[in-house]
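A.B. asks: Next comes the structure file final_0.tsv, holding TSV, C-alpha atoms.
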chain	number	residue	atom	x	y	z
A	147	MET	CA	-9.00	-17.63	8.25
A	148	ASN	CA	-10.85	-19.10	5.28
A	149	TRP	CA	-8.38	-21.73	4.09
A	150	ALA	CA	-10.27	-22.52	0.86
A	151	ALA	CA	-10.46	-18.88	-0.22
A	152	SER	CA	-6.81	-18.39	0.79
A	153	VAL	CA	-5.47	-21.06	-1.59
A	154	PRO	CA	-4.41	-18.50	-4.27
A	155	PHE	CA	-2.51	-16.47	-1.65
A	156	ILE	CA	-0.76	-19.61	-0.43
A	157	LEU	CA	0.07	-20.81	-3.95
A	158	ILE	CA	1.69	-17.48	-4.82
A	159	HIS	CA	4.17	-18.22	-2.03
A	160	LEU	CA	4.69	-21.87	-2.99
A	161	VAL	CA	5.08	-21.53	-6.77
A	162	PRO	CA	8.50	-19.78	-6.49
A	163	LEU	CA	9.83	-23.07	-5.05
A	164	ALA	CA	9.58	-24.38	-8.61
A	165	ILE	CA	12.82	-22.50	-9.19
A	166	ILE	CA	14.59	-25.83	-8.57
A	167	PHE	CA	13.04	-27.06	-11.82
A	168	THR	CA	13.00	-23.89	-13.92
A	169	GLY	CA	16.36	-22.47	-12.94
A	170	VAL	CA	17.23	-18.78	-12.79
A	171	THR	CA	17.95	-16.51	-15.72
A	172	ALA	CA	19.28	-12.97	-15.71
A	173	ARG	CA	16.14	-11.86	-17.54
A	174	SER	CA	13.85	-13.38	-14.91
A	175	VAL	CA	15.75	-11.64	-12.08
A	176	ILE	CA	15.56	-8.29	-13.88
A	177	LEU	CA	11.87	-8.90	-14.46
A	178	CYS	CA	11.33	-9.74	-10.79
A	179	VAL	CA	13.05	-6.61	-9.48
A	180	THR	CA	11.40	-4.37	-12.06
A	181	LEU	CA	7.90	-5.69	-11.38
A	182	TYR	CA	8.38	-5.28	-7.64
A	183	PHE	CA	9.25	-1.60	-7.84
A	184	VAL	CA	6.91	-0.67	-10.69
A	185	ARG	CA	3.93	-2.28	-9.00
A	186	MET	CA	4.93	-0.85	-5.63
A	187	PHE	CA	4.68	2.56	-7.26
A	188	PHE	CA	1.19	1.78	-8.54
A	189	ILE	CA	0.18	0.69	-5.04
A	190	THR	CA	1.72	3.62	-3.18
A	191	ALA	CA	1.06	6.43	-5.66
A	192	GLY	CA	-2.16	4.98	-7.07
A	193	PHE	CA	-4.10	2.78	-4.65
A	194	HIS	CA	-2.93	4.70	-1.61
A	195	ARG	CA	-2.20	8.35	-2.32
A	196	TYR	CA	-4.72	8.81	-5.13
A	197	PHE	CA	-7.64	6.40	-4.71
A	198	SER	CA	-7.61	6.22	-0.91
A	199	HIS	CA	-6.71	9.84	-0.13
A	200	ARG	CA	-7.23	11.79	-3.37
A	201	SER	CA	-4.10	13.80	-2.60
A	202	TYR	CA	-3.69	14.84	-6.24
A	203	LYS	CA	-5.70	14.78	-9.46
A	204	MET	CA	-5.51	13.15	-12.86
A	205	GLY	CA	-7.71	12.60	-15.89
A	206	ARG	CA	-9.99	9.62	-16.35
A	207	ILE	CA	-7.64	7.73	-18.68
A	208	MET	CA	-4.68	8.13	-16.32
A	209	GLN	CA	-6.95	7.18	-13.43
A	210	PHE	CA	-7.84	3.91	-15.14
A	211	LEU	CA	-4.23	3.17	-16.06
A	212	MET	CA	-3.14	3.78	-12.47
A	213	ALA	CA	-5.91	1.50	-11.21
A	214	PHE	CA	-5.04	-1.21	-13.75
A	215	GLY	CA	-1.35	-1.05	-12.84
A	216	GLY	CA	-2.12	-1.39	-9.15
A	217	THR	CA	-4.48	-4.29	-9.77
A	218	THR	CA	-1.67	-6.29	-11.43
A	219	SER	CA	-0.25	-6.63	-7.90
A	220	ALA	CA	-3.03	-9.16	-7.10
A	221	GLN	CA	-4.06	-7.25	-3.96
A	222	LYS	CA	-7.76	-7.47	-4.81
A	223	GLY	CA	-9.73	-4.64	-6.41
A	224	VAL	CA	-8.91	-0.95	-6.37
A	225	LEU	CA	-12.26	0.00	-4.79
A	226	TRP	CA	-11.92	-2.75	-2.19
A	227	TRP	CA	-8.41	-1.55	-1.35
A	228	ALA	CA	-9.33	2.13	-1.09
A	229	ALA	CA	-12.47	1.55	0.97
A	230	HIS	CA	-10.73	-0.56	3.58
A	231	HIS	CA	-7.84	1.88	3.80
A	232	ARG	CA	-10.22	4.77	4.42
A	233	HIS	CA	-11.82	2.74	7.19
A	234	HIS	CA	-8.37	2.19	8.71
A	235	HIS	CA	-7.66	5.91	8.88
A	236	LYS	CA	-11.06	6.67	10.34
A	237	HIS	CA	-10.53	4.13	13.15
A	238	SER	CA	-6.74	3.88	13.32
A	239	ASP	CA	-5.61	1.76	16.30
A	240	GLU	CA	-9.13	1.66	17.68
A	241	GLU	CA	-10.90	-1.61	18.40
A	242	SER	CA	-12.65	-1.47	15.01
A	243	ASP	CA	-9.43	-0.83	13.04
A	244	ILE	CA	-9.33	-3.70	10.57
A	245	HIS	CA	-5.56	-4.23	10.70
A	246	SER	CA	-4.15	-2.63	13.82
A	247	PRO	CA	-1.08	-4.44	15.23
A	248	ARG	CA	-2.79	-4.37	18.61
A	249	HIS	CA	-4.66	-7.42	17.29
A	250	GLY	CA	-1.34	-9.18	16.69
A	251	PHE	CA	1.40	-9.07	14.06
A	252	TRP	CA	0.01	-11.83	11.85
A	253	TRP	CA	-3.47	-10.32	11.82
A	254	SER	CA	-2.26	-6.84	10.87
A	255	HIS	CA	0.21	-8.20	8.32
A	256	ALA	CA	-1.99	-10.58	6.34
A	257	GLY	CA	-4.57	-12.34	8.50
A	258	TRP	CA	-7.29	-9.74	8.02
A	259	ILE	CA	-7.12	-10.23	4.25
A	260	LEU	CA	-7.55	-14.00	4.51
A	261	CYS	CA	-10.73	-14.04	6.58
A	262	ASP	CA	-14.28	-13.68	5.27
A	263	LYS	CA	-15.16	-10.63	7.35
A	264	TYR	CA	-13.59	-8.12	4.95
A	265	ASN	CA	-14.31	-9.77	1.60
A	266	GLU	CA	-16.90	-7.28	0.45
A	267	THR	CA	-16.15	-3.83	-0.96
A	268	ARG	CA	-17.48	-1.01	1.24
A	269	PHE	CA	-19.02	1.11	-1.52
A	270	ASP	CA	-20.48	3.44	1.10
A	271	LEU	CA	-16.92	4.60	1.88
A	272	ILE	CA	-15.96	5.36	-1.73
A	273	PRO	CA	-18.91	7.13	-3.45
A	274	ASP	CA	-16.44	9.40	-5.29
A	275	LEU	CA	-14.83	6.35	-6.94
A	276	ALA	CA	-17.81	4.02	-7.30
A	277	LYS	CA	-19.41	6.37	-9.84
A	278	TYR	CA	-16.89	5.24	-12.48
A	279	PRO	CA	-18.12	2.07	-14.26
A	280	GLU	CA	-14.61	1.17	-15.46
A	281	LEU	CA	-13.35	1.14	-11.87
A	282	ARG	CA	-16.30	-0.95	-10.75
A	283	TRP	CA	-15.54	-3.41	-13.58
A	284	LEU	CA	-11.87	-3.55	-12.65
A	285	ASN	CA	-12.80	-4.08	-9.01
A	286	ARG	CA	-15.12	-6.96	-9.91
A	287	PHE	CA	-12.72	-8.66	-12.31
A	288	HIS	CA	-9.57	-7.92	-10.34
A	289	LEU	CA	-7.90	-11.18	-11.40
A	290	VAL	CA	-7.78	-10.11	-15.05
A	291	PRO	CA	-4.80	-7.70	-14.81
A	292	PRO	CA	-2.49	-10.04	-12.84
A	293	THR	CA	-3.40	-12.91	-15.17
A	294	MET	CA	-2.49	-10.77	-18.18
A	295	LEU	CA	0.80	-9.84	-16.51
A	296	ALA	CA	1.59	-13.49	-15.76
A	297	ILE	CA	1.03	-14.39	-19.42
A	298	ALA	CA	3.31	-11.53	-20.45
A	299	CYS	CA	6.03	-12.83	-18.13
A	300	VAL	CA	5.84	-16.25	-19.80
A	301	ALA	CA	6.14	-14.58	-23.20
A	302	ILE	CA	9.21	-12.63	-22.05
A	303	ASP	CA	11.19	-15.44	-20.39
A	304	GLY	CA	9.23	-18.69	-20.34
A	305	TRP	CA	8.87	-20.59	-17.08
A	306	PRO	CA	11.57	-18.63	-15.22
A	307	GLY	CA	9.74	-15.46	-16.21
A	308	LEU	CA	6.54	-16.81	-14.69
A	309	VAL	CA	8.00	-18.39	-11.53
A	310	ILE	CA	10.54	-15.70	-10.66
A	311	GLY	CA	9.39	-12.68	-12.64
A	312	PHE	CA	5.72	-12.89	-11.70
A	313	PHE	CA	5.16	-15.15	-8.69
A	314	LEU	CA	8.28	-14.34	-6.66
A	315	SER	CA	7.95	-10.59	-7.24
A	316	THR	CA	4.26	-10.76	-6.30
A	317	ALA	CA	4.98	-12.61	-3.04
A	318	VAL	CA	7.72	-10.14	-2.09
A	319	LEU	CA	5.46	-7.24	-3.09
A	320	TYR	CA	2.76	-8.57	-0.77
A	321	HIS	CA	5.01	-8.44	2.25
A	322	GLY	CA	6.60	-5.15	1.31
A	323	THR	CA	3.14	-3.61	1.19
A	324	PHE	CA	1.92	-5.36	4.32
A	325	THR	CA	4.79	-4.05	6.45
A	326	ILE	CA	3.05	-0.67	6.46
A	327	ASN	CA	0.12	-2.22	8.33
A	328	SER	CA	2.13	-4.42	10.67
A	329	LEU	CA	5.38	-2.55	11.37
A	330	THR	CA	4.89	1.22	10.93
A	331	HIS	CA	2.73	1.34	14.06
A	332	VAL	CA	5.39	-0.55	16.03
A	333	PHE	CA	8.91	0.42	14.88
A	334	GLY	CA	10.39	3.82	14.14
A	335	ARG	CA	10.16	7.34	15.53
A	336	ARG	CA	7.28	9.71	16.07
A	337	ARG	CA	7.62	13.35	15.01
A	338	TYR	CA	4.00	14.50	15.30
A	339	VAL	CA	1.28	14.03	17.86
A	340	THR	CA	-1.48	11.83	16.43
A	341	ALA	CA	-4.34	9.83	17.91
A	342	ASP	CA	-2.70	6.57	16.82
A	343	THR	CA	0.70	4.87	17.11
A	344	SER	CA	2.02	5.64	13.61
A	345	ARG	CA	5.81	5.98	13.25
A	346	ASN	CA	8.42	6.99	10.67
A	347	SER	CA	10.99	4.50	9.36
A	348	LEU	CA	13.66	5.09	6.72
A	349	ILE	CA	14.09	1.37	6.08
A	350	LEU	CA	10.40	0.86	5.40
A	351	ALA	CA	10.35	4.02	3.29
A	352	LEU	CA	13.05	2.55	1.04
A	353	ILE	CA	11.25	-0.79	0.78
A	354	THR	CA	7.93	0.84	-0.10
A	355	LEU	CA	9.08	3.86	-2.13
A	356	GLY	CA	8.15	6.36	0.56
A	357	GLU	CA	5.34	4.83	2.60
A	358	GLY	CA	7.56	4.36	5.64
A	359	TRP	CA	7.07	8.01	6.70
A	360	HIS	CA	3.86	6.83	8.28
A	361	ASN	CA	3.63	9.23	11.20
A	362	ASN	CA	3.94	12.13	8.77
A	363	HIS	CA	1.14	10.64	6.70
A	364	HIS	CA	-1.23	10.03	9.60
A	365	TYR	CA	-0.60	13.54	10.84
A	366	TYR	CA	-1.38	15.24	7.51
A	367	GLN	CA	-3.12	12.82	5.15
A	368	ARG	CA	-3.87	15.42	2.48
A	369	ALA	CA	-0.24	15.66	1.40
A	370	THR	CA	0.86	13.88	-1.76
A	371	ASN	CA	4.34	13.54	-0.32
A	372	GLN	CA	4.92	11.47	2.80
A	373	GLY	CA	8.55	12.40	3.21
A	374	PHE	CA	8.02	15.94	4.49
A	375	PHE	CA	11.67	17.02	4.52
A	376	TRP	CA	14.41	16.83	1.88
A	377	TRP	CA	16.27	14.07	3.71
A	378	GLU	CA	13.18	11.83	3.88
A	379	ILE	CA	13.41	9.76	0.70
A	380	ASP	CA	10.04	9.43	-1.04
A	381	ILE	CA	10.51	7.91	-4.49
A	382	SER	CA	6.79	7.70	-5.24
A	383	PHE	CA	6.49	11.45	-4.76
A	384	TYR	CA	9.50	12.11	-7.00
A	385	VAL	CA	7.87	10.11	-9.80
A	386	LEU	CA	4.54	11.89	-9.29
A	387	LYS	CA	6.34	15.22	-9.44
A	388	LEU	CA	7.88	14.19	-12.77
A	389	LEU	CA	4.44	13.15	-14.05
A	390	SER	CA	3.11	16.56	-13.04
A	391	TRP	CA	5.78	18.25	-15.16
A	392	LEU	CA	4.57	16.08	-18.05
A	393	ARG	CA	1.00	17.18	-17.20
A	394	LEU	CA	-0.16	13.62	-16.61
A	395	VAL	CA	-1.12	14.42	-13.01
A	396	ARG	CA	-1.97	17.74	-11.38
A	397	GLY	CA	-2.94	19.31	-8.09
A	398	ILE	CA	-0.06	17.84	-6.09
A	399	HIS	CA	-0.38	19.02	-2.52
A	400	THR	CA	2.43	19.43	0.00
A	401	PRO	CA	2.07	20.41	3.66
A	402	PRO	CA	2.38	24.16	4.41
A	403	GLN	CA	5.10	25.33	6.77
A	404	ARG	CA	2.66	25.96	9.62
A	405	VAL	CA	1.64	22.29	9.48
A	406	LEU	CA	5.24	21.11	9.42
A	407	ASP	CA	6.07	23.17	12.49
A	408	SER	CA	3.03	22.31	14.60
A	409	ASN	CA	2.20	19.49	17.01
A	410	ARG	CA	5.74	18.24	17.42
A	411	VAL	CA	6.18	15.56	20.05
A	412	LYS	CA	9.49	17.14	21.14
A	413	ASP	CA	7.72	20.42	21.91
A	414	GLY	CA	6.07	18.86	24.91
A	415	CYS	CA	2.69	18.18	23.34
A	416	ILE	CA	0.70	15.37	24.92
A	417	ASP	CA	1.06	12.43	22.55
A	418	VAL	CA	-2.49	11.12	22.65
A	419	GLY	CA	-1.63	8.25	20.33
A	420	MET	CA	1.10	6.88	22.55
A	421	LEU	CA	-0.89	7.36	25.73
A	422	THR	CA	-3.93	5.66	24.24
A	423	ALA	CA	-1.86	2.85	22.76
A	424	ARG	CA	-0.03	2.26	26.03
A	425	GLY	CA	-3.34	1.78	27.79
A	426	LYS	CA	-4.70	-0.47	25.06
A	427	PHE	CA	-1.64	-2.71	24.86
A	428	LEU	CA	-1.29	-2.99	28.61
A	429	SER	CA	-4.93	-3.99	28.94
A	430	ALA	CA	-4.81	-6.42	26.02
Show me the file's structure as structure tokens.
C.D. replies:
Amino acid sequence: MNWAASVPFILIHLVPLAIIFTGVTARSVILCVTLYFVRMFFITAGFHRYFSHRSYKMGRIMQFLMAFGGTTSAQKGVLWWAAHHRHHHKHSDEESDIHSPRHGFWWSHAGWILCDKYNETRFDLIPDLAKYPELRWLNRFHLVPPTMLAIACVAIDGWPGLVIGFFLSTAVLYHGTFTINSLTHVFGRRRYVTADTSRNSLILALITLGEGWHNNHHYYQRATNQGFFWWEIDISFYVLKLLSWLRLVRGIHTPPQRVLDSNRVKDGCIDVGMLTARGKFLSA
């Protein structure tokens, strides 16, 4: 862990303690809750489902707005985020997986972000995105959007708006997002046979607006929706569906019935992911 480079991450967690001096206002609480869910949408629907997996399409202006919104979360640049996520899927739960829980909870949750090894953006993994100069600019100056948002929070509700509205919501957003790396390969149920240990969790799906259906996602990454069945709540997909009706996004893809019915663990298929993981964890 690079302690010097991790100072901003640490401060984001310490600043909310200033609540003892600023107090709490109803406006700051509303701002905090709103910014958590709005930015979670930009992360899940934008950074993840669009930029990392290209599971749907949108025009260049909407693409930039989605990237800008996600960057306000202070989770580094959009190209950095997408490139490392693509690497994760390519090597999920293998030795080279950058944030597999087999390396420990802390490492998969946040440790990998705070070391120097993964600082650079892997442009070789995102040639389809790197061709856009506006995305490259946003990736380079990724502190601009969250700084602008912080200033806006001050304008809306003064110091409580900054401390609670921006910093507290950002800290909570960090850990909501990070649970997908650290917990969805450990807790929950498996529906489909995959080569990794991904699992489905309703609780994590509610916290992350749909990302908790992780086994579904690892099984069929092309799908825009991660809740494959009507009872699997996927708020990010519902919003994207609404945006498609407004013609702001297009090309939403859902899994065909043959995919939904295939490779079920309960059908007696050999679960390669669980067998592999059991050997890895026992030998660790």
A.B. asks: Tell me, in Å to one decimal, how far atom CA of Thr354 of chain A is from atom CA of Thr323 of chain A.
C.D. replies: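 Between atom CA of Thr354 of chain A and atom CA of Thr323 of chain A the gap works out to 6.7 Å.
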A.B. asks: I'd like the contact shell of Gly215 of chain A - 9 Å cut-off, only C-alpha atoms, skipping same-chain residues fewer than 4 positions apart - returned as a ChimeraX atom specification.
C.D. replies: /A:184-185,187-189,192,210-211,219,291
A.B. asks: Between A:Met204, A:Thr316, A:His199, A:Ile176, which is the closest to Leu392 of chain A once you count only C-alpha atoms?
C.D. replies: A:Met204
A.B. asks: Which neighbours of Ile158 of chain A fall inside 12 Å, counting only C-alpha atoms, when residues of the same chain fewer than 2 positions from it are skipped, and could you give them as a VMD selection string?
C.D. replies: chain A and resid 152 to 156 160 to 164 219 to 221 292 296 308 to 321
A.B. asks: Between A:Leu386, A:Cys178, A:Leu352, A:Ala341, which residue has the minimum interatomic distance to His237 of chain A, considering only C-alpha atoms?
C.D. replies: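 That would be A:Ala341, the residue with the smallest distance to His237 of chain A.
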A.B. asks: Considering all atoms listed in the file, return as a list in words whatever protein or nucleic-acid residues lie within 12 Å of Ala276 of chain A, sequence-local ones (same chain, fewer than 4 positions apart) excluded.
C.D. replies: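 These residues fall inside the cut-off: Phe197, Gly223, Val224, Leu225, Trp226, Ala228, Ala229, Thr267, Arg268, Phe269, Asp270, Leu271, Ile272, Glu280, Leu281, Arg282, Trp283, Leu284, Asn285 and Arg286 of chain A.
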A.B. asks: Please return, as a list in words, all polymer residues that have at least one atom within 12 Å of the point (-1.1, 11.3, -15.8); use all atoms listed in the file and the file's own coordinate frame.
C.D. replies: Ala191, Gly192, Tyr196, Tyr202, Lys203, Met204, Gly205, Arg206, Ile207, Met208, Gln209, Phe210, Leu211, Met212, Ala213, Val385, Leu386, Lys387, Leu388, Leu389, Ser390, Trp391, Leu392, Arg393, Leu394, Val395, Arg396, Gly397 and Ile398 of chain A
A.B. asks: Quick one: everything within 9 Å of Tyr366 of chain A, counting all atoms listed in the file, minus sequence neighbours fewer than 6 positions away in the same chain. Send it as a PyMOL selection string.
C.D. replies: chain A and resi 372+401+405
A.B. asks: Rank A:Ala150, A:His159, A:Val290, A:Ile165 by their smallest atom-to-atom distance to Trp305 of chain A, using all atoms listed in the file, and report the top residue only.
C.D. replies: A:Ile165
A.B. asks: List the neighbours of segment 347-349 of chain A out to 6 Å using all atoms listed in the file; skip same-chain residues closer than 3 positions along the sequence, and give me the result as a list in words.
C.D. replies: Gly334, Leu352, Gly358 and Trp359 of chain A
A.B. asks: Rounded to one decimal in Å, what is the spacing between atom CA of Ile297 of chain A and atom CA of Cys261 of chain A?
C.D. replies: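 The value is 28.5 Å.
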A.B. asks: What does the structure give for the distance between atom CA of Ser174 of chain A and atom CA of Gly307 of chain A, in Å to one decimal?
C.D. replies: 4.8 Å
A.B. asks: Save N, CA and C atoms of segment 282-301 of chain A from the block above as a PDB file, in the first residue's frame.
C.D. replies:
ATOM      1  N   ARG A 282     -10.345  10.308 -22.930  1.00  0.00           N
ATOM      2  CA  ARG A 282      -8.953  10.317 -22.496  1.00  0.00           C
ATOM      3  C   ARG A 282      -8.689  11.529 -21.591  1.00  0.00           C
ATOM      4  N   TRP A 283      -9.292  12.670 -21.945  1.00  0.00           N
ATOM      5  CA  TRP A 283      -9.135  13.870 -21.112  1.00  0.00           C
ATOM      6  C   TRP A 283      -9.762  13.649 -19.742  1.00  0.00           C
ATOM      7  N   LEU A 284     -10.964  13.102 -19.743  1.00  0.00           N
ATOM      8  CA  LEU A 284     -11.673  12.857 -18.487  1.00  0.00           C
ATOM      9  C   LEU A 284     -10.919  11.850 -17.630  1.00  0.00           C
ATOM     10  N   ASN A 285     -10.300  10.874 -18.268  1.00  0.00           N
ATOM     11  CA  ASN A 285      -9.520   9.876 -17.541  1.00  0.00           C
ATOM     12  C   ASN A 285      -8.279  10.507 -16.907  1.00  0.00           C
ATOM     13  N   ARG A 286      -7.662  11.421 -17.632  1.00  0.00           N
ATOM     14  CA  ARG A 286      -6.450  12.086 -17.132  1.00  0.00           C
ATOM     15  C   ARG A 286      -6.758  13.054 -16.002  1.00  0.00           C
ATOM     16  N   PHE A 287      -7.826  13.826 -16.172  1.00  0.00           N
ATOM     17  CA  PHE A 287      -8.195  14.828 -15.169  1.00  0.00           C
ATOM     18  C   PHE A 287      -9.427  14.354 -14.384  1.00  0.00           C
ATOM     19  N   HIS A 288      -9.309  13.152 -13.827  1.00  0.00           N
ATOM     20  CA  HIS A 288     -10.465  12.531 -13.178  1.00  0.00           C
ATOM     21  C   HIS A 288     -10.865  13.197 -11.866  1.00  0.00           C
ATOM     22  N   LEU A 289     -10.036  14.092 -11.344  1.00  0.00           N
ATOM     23  CA  LEU A 289     -10.392  14.788 -10.109  1.00  0.00           C
ATOM     24  C   LEU A 289     -11.279  16.009 -10.369  1.00  0.00           C
ATOM     25  N   VAL A 290     -11.384  16.416 -11.623  1.00  0.00           N
ATOM     26  CA  VAL A 290     -12.190  17.602 -11.943  1.00  0.00           C
ATOM     27  C   VAL A 290     -13.678  17.398 -11.623  1.00  0.00           C
ATOM     28  N   PRO A 291     -14.320  16.321 -12.110  1.00  0.00           N
ATOM     29  CA  PRO A 291     -15.747  16.142 -11.817  1.00  0.00           C
ATOM     30  C   PRO A 291     -16.085  16.063 -10.325  1.00  0.00           C
ATOM     31  N   PRO A 292     -15.360  15.256  -9.505  1.00  0.00           N
ATOM     32  CA  PRO A 292     -15.720  15.236  -8.083  1.00  0.00           C
ATOM     33  C   PRO A 292     -15.469  16.570  -7.390  1.00  0.00           C
ATOM     34  N   THR A 293     -14.463  17.315  -7.846  1.00  0.00           N
ATOM     35  CA  THR A 293     -14.211  18.637  -7.268  1.00  0.00           C
ATOM     36  C   THR A 293     -15.369  19.583  -7.578  1.00  0.00           C
ATOM     37  N   MET A 294     -15.853  19.527  -8.814  1.00  0.00           N
ATOM     38  CA  MET A 294     -17.002  20.350  -9.200  1.00  0.00           C
ATOM     39  C   MET A 294     -18.231  19.977  -8.382  1.00  0.00           C
ATOM     40  N   LEU A 295     -18.419  18.686  -8.146  1.00  0.00           N
ATOM     41  CA  LEU A 295     -19.568  18.234  -7.361  1.00  0.00           C
ATOM     42  C   LEU A 295     -19.444  18.705  -5.920  1.00  0.00           C
ATOM     43  N   ALA A 296     -18.246  18.638  -5.361  1.00  0.00           N
ATOM     44  CA  ALA A 296     -18.033  19.091  -3.984  1.00  0.00           C
ATOM     45  C   ALA A 296     -18.365  20.573  -3.841  1.00  0.00           C
ATOM     46  N   ILE A 297     -17.957  21.374  -4.813  1.00  0.00           N
ATOM     47  CA  ILE A 297     -18.259  22.813  -4.794  1.00  0.00           C
ATOM     48  C   ILE A 297     -19.767  23.031  -4.872  1.00  0.00           C
ATOM     49  N   ALA A 298     -20.436  22.231  -5.699  1.00  0.00           N
ATOM     50  CA  ALA A 298     -21.890  22.346  -5.818  1.00  0.00           C
ATOM     51  C   ALA A 298     -22.580  22.008  -4.498  1.00  0.00           C
ATOM     52  N   CYS A 299     -22.058  21.034  -3.780  1.00  0.00           N
ATOM     53  CA  CYS A 299     -22.635  20.647  -2.492  1.00  0.00           C
ATOM     54  C   CYS A 299     -22.512  21.784  -1.468  1.00  0.00           C
ATOM     55  N   VAL A 300     -21.386  22.494  -1.516  1.00  0.00           N
ATOM     56  CA  VAL A 300     -21.200  23.645  -0.628  1.00  0.00           C
ATOM     57  C   VAL A 300     -22.221  24.725  -0.974  1.00  0.00           C
ATOM     58  N   ALA A 301     -22.419  24.933  -2.275  1.00  0.00           N
ATOM     59  CA  ALA A 301     -23.373  25.951  -2.712  1.00  0.00           C
ATOM     60  C   ALA A 301     -24.798  25.605  -2.294  1.00  0.00           C
TER      61      ALA A 301
END
